[in-house]
Amino acid sequence: MRYPDQHPARYFATLFRMIIVALALLASFPALAAQPACHEVPVRVDPGRDQVDLASCLWYLEDPSAELSLEDVRQRDQAGDFRKHDGGILNFGYTESAYWARFDLNYTGDMPVERILELSLPLVDHVAVH
């Protein structure tokens, strides 16, 4: 999905920034505060916890052409092309590249719960979640 009045690379850069902000805001999920090595195992999401810290549990992939499809990105993930992000909010500044971010979640409850993925970067116009 693209906005017709926006360059594709700028669109994806904005999308990435929104994802990063959302992940940073989810950092207040207490259920994950004590969980070590979130890159090695899925982030545990307990039904009684309201917030989850995803900011330091990200893997990311730069897409300089801003033209990769979801299937392309999945193949790159299987090939080990994603990089581990180890700290804080993932921020590349202004760039023409698109960025794909991924994280793994493990919900421990039996009943569905609603959660909000929130981004606090004001310059991000669009985020797609797959």
# chains A, B, ... in the order shown; residues from 1 in each chain; ligands from 1
>>> residues_around(residues="stretch 55-59 of chain A", least_positions_apart="2", cutoff="6 Å", atoms="only C-alpha atoms", output="list of chain:residue names")
A:Leu23, A:Ala24, A:Cys38, A:His39, A:Asp53, A:Phe82, A:Arg83, A:Lys84, A:His85, A:Asp86, A:Gly87, A:Gly88, A:Ile89, A:Ala101, A:Arg102, A:Phe103
>>> write_last_selection(atoms="N, CA, C and O atoms", output="tab-separated table (two decimals), in the first residue's frame")
chain	number	residue	atom	x	y	z
A	23	LEU	N	6.93	-0.33	19.20
A	23	LEU	CA	7.70	-1.29	19.98
A	23	LEU	C	8.27	-0.66	21.23
A	23	LEU	O	8.31	-1.28	22.29
A	24	ALA	N	8.67	0.58	21.13
A	24	ALA	CA	9.20	1.28	22.30
A	24	ALA	C	8.12	1.49	23.34
A	24	ALA	O	8.36	1.36	24.54
A	38	CYS	N	15.54	-12.12	24.84
A	38	CYS	CA	14.32	-12.13	24.03
A	38	CYS	C	14.60	-12.36	22.55
A	38	CYS	O	13.68	-12.67	21.81
A	39	HIS	N	15.83	-12.23	22.12
A	39	HIS	CA	16.14	-12.53	20.72
A	39	HIS	C	16.19	-14.03	20.48
A	39	HIS	O	16.00	-14.49	19.36
A	53	ASP	N	7.60	-5.11	26.64
A	53	ASP	CA	8.73	-4.36	26.10
A	53	ASP	C	9.29	-5.09	24.90
A	53	ASP	O	9.88	-6.15	25.03
A	82	PHE	N	18.28	-10.83	8.63
A	82	PHE	CA	17.86	-9.86	9.64
A	82	PHE	C	18.97	-9.67	10.66
A	82	PHE	O	19.68	-10.62	11.00
A	83	ARG	N	19.09	-8.45	11.17
A	83	ARG	CA	20.11	-8.13	12.18
A	83	ARG	C	19.45	-7.96	13.54
A	83	ARG	O	18.37	-7.39	13.64
A	84	LYS	N	20.15	-8.40	14.55
A	84	LYS	CA	19.65	-8.26	15.91
A	84	LYS	C	19.87	-6.84	16.40
A	84	LYS	O	20.95	-6.28	16.27
A	85	HIS	N	18.81	-6.25	16.99
A	85	HIS	CA	18.92	-4.94	17.62
A	85	HIS	C	18.99	-5.16	19.12
A	85	HIS	O	18.10	-5.76	19.70
A	86	ASP	N	20.04	-4.66	19.75
A	86	ASP	CA	20.27	-4.98	21.15
A	86	ASP	C	19.89	-3.91	22.16
A	86	ASP	O	19.96	-4.16	23.34
A	87	GLY	N	19.50	-2.75	21.75
A	87	GLY	CA	19.21	-1.78	22.79
A	87	GLY	C	18.41	-0.58	22.37
A	87	GLY	O	18.62	-0.02	21.31
A	88	GLY	N	17.48	-0.21	23.22
A	88	GLY	CA	16.73	1.02	23.05
A	88	GLY	C	15.88	1.06	21.80
A	88	GLY	O	15.61	0.04	21.17
A	89	ILE	N	15.48	2.25	21.46
A	89	ILE	CA	14.63	2.46	20.30
A	89	ILE	C	15.47	2.36	19.03
A	89	ILE	O	16.53	2.97	18.92
A	101	ALA	N	10.87	-4.84	10.47
A	101	ALA	CA	11.21	-5.26	11.83
A	101	ALA	C	10.39	-6.50	12.15
A	101	ALA	O	9.26	-6.66	11.70
A	102	ARG	N	10.98	-7.39	12.94
A	102	ARG	CA	10.26	-8.59	13.35
A	102	ARG	C	10.56	-8.90	14.80
A	102	ARG	O	11.60	-8.53	15.35
A	103	PHE	N	9.60	-9.55	15.43
A	103	PHE	CA	9.75	-10.04	16.79
A	103	PHE	C	8.80	-11.21	16.94
A	103	PHE	O	7.81	-11.33	16.21
>>> atom_distance(atom1="atom CA of A:Asn106", atom2="atom CA of A:Val43")
5.7 Å
>>> closest_residue(among="A:Leu90, A:Tyr60, A:Leu105, A:Ala98", to="A:Leu119", atoms="only C-alpha atoms")
A:Leu90
>>> closest_residue(among="A:Glu96, A:Asp50, A:Glu62, A:Glu71", to="A:Glu114", atoms="only C-alpha atoms")
A:Asp50
>>> atom_distance(atom1="atom CA of A:Asp46", atom2="atom CA of A:Arg115")
11.5 Å
>>> atom_distance(atom1="atom CA of A:Tyr94", atom2="atom CA of A:Leu54")
22.1 Å
>>> closest_residue(among="A:Val73, A:Ala66, A:Val52, A:Val45", to="A:Pro112", atoms="only C-alpha atoms")
A:Val45
>>> closest_residue(among="A:Trp100, A:Arg44, A:Asp81, A:Phe92", to="A:Ser69", atoms="only C-alpha atoms")
A:Trp100
>>> select_by_dssp(residues="stretch 88-121 of chain A", states="strand (DSSP E or B)", output="count of residues only")
8
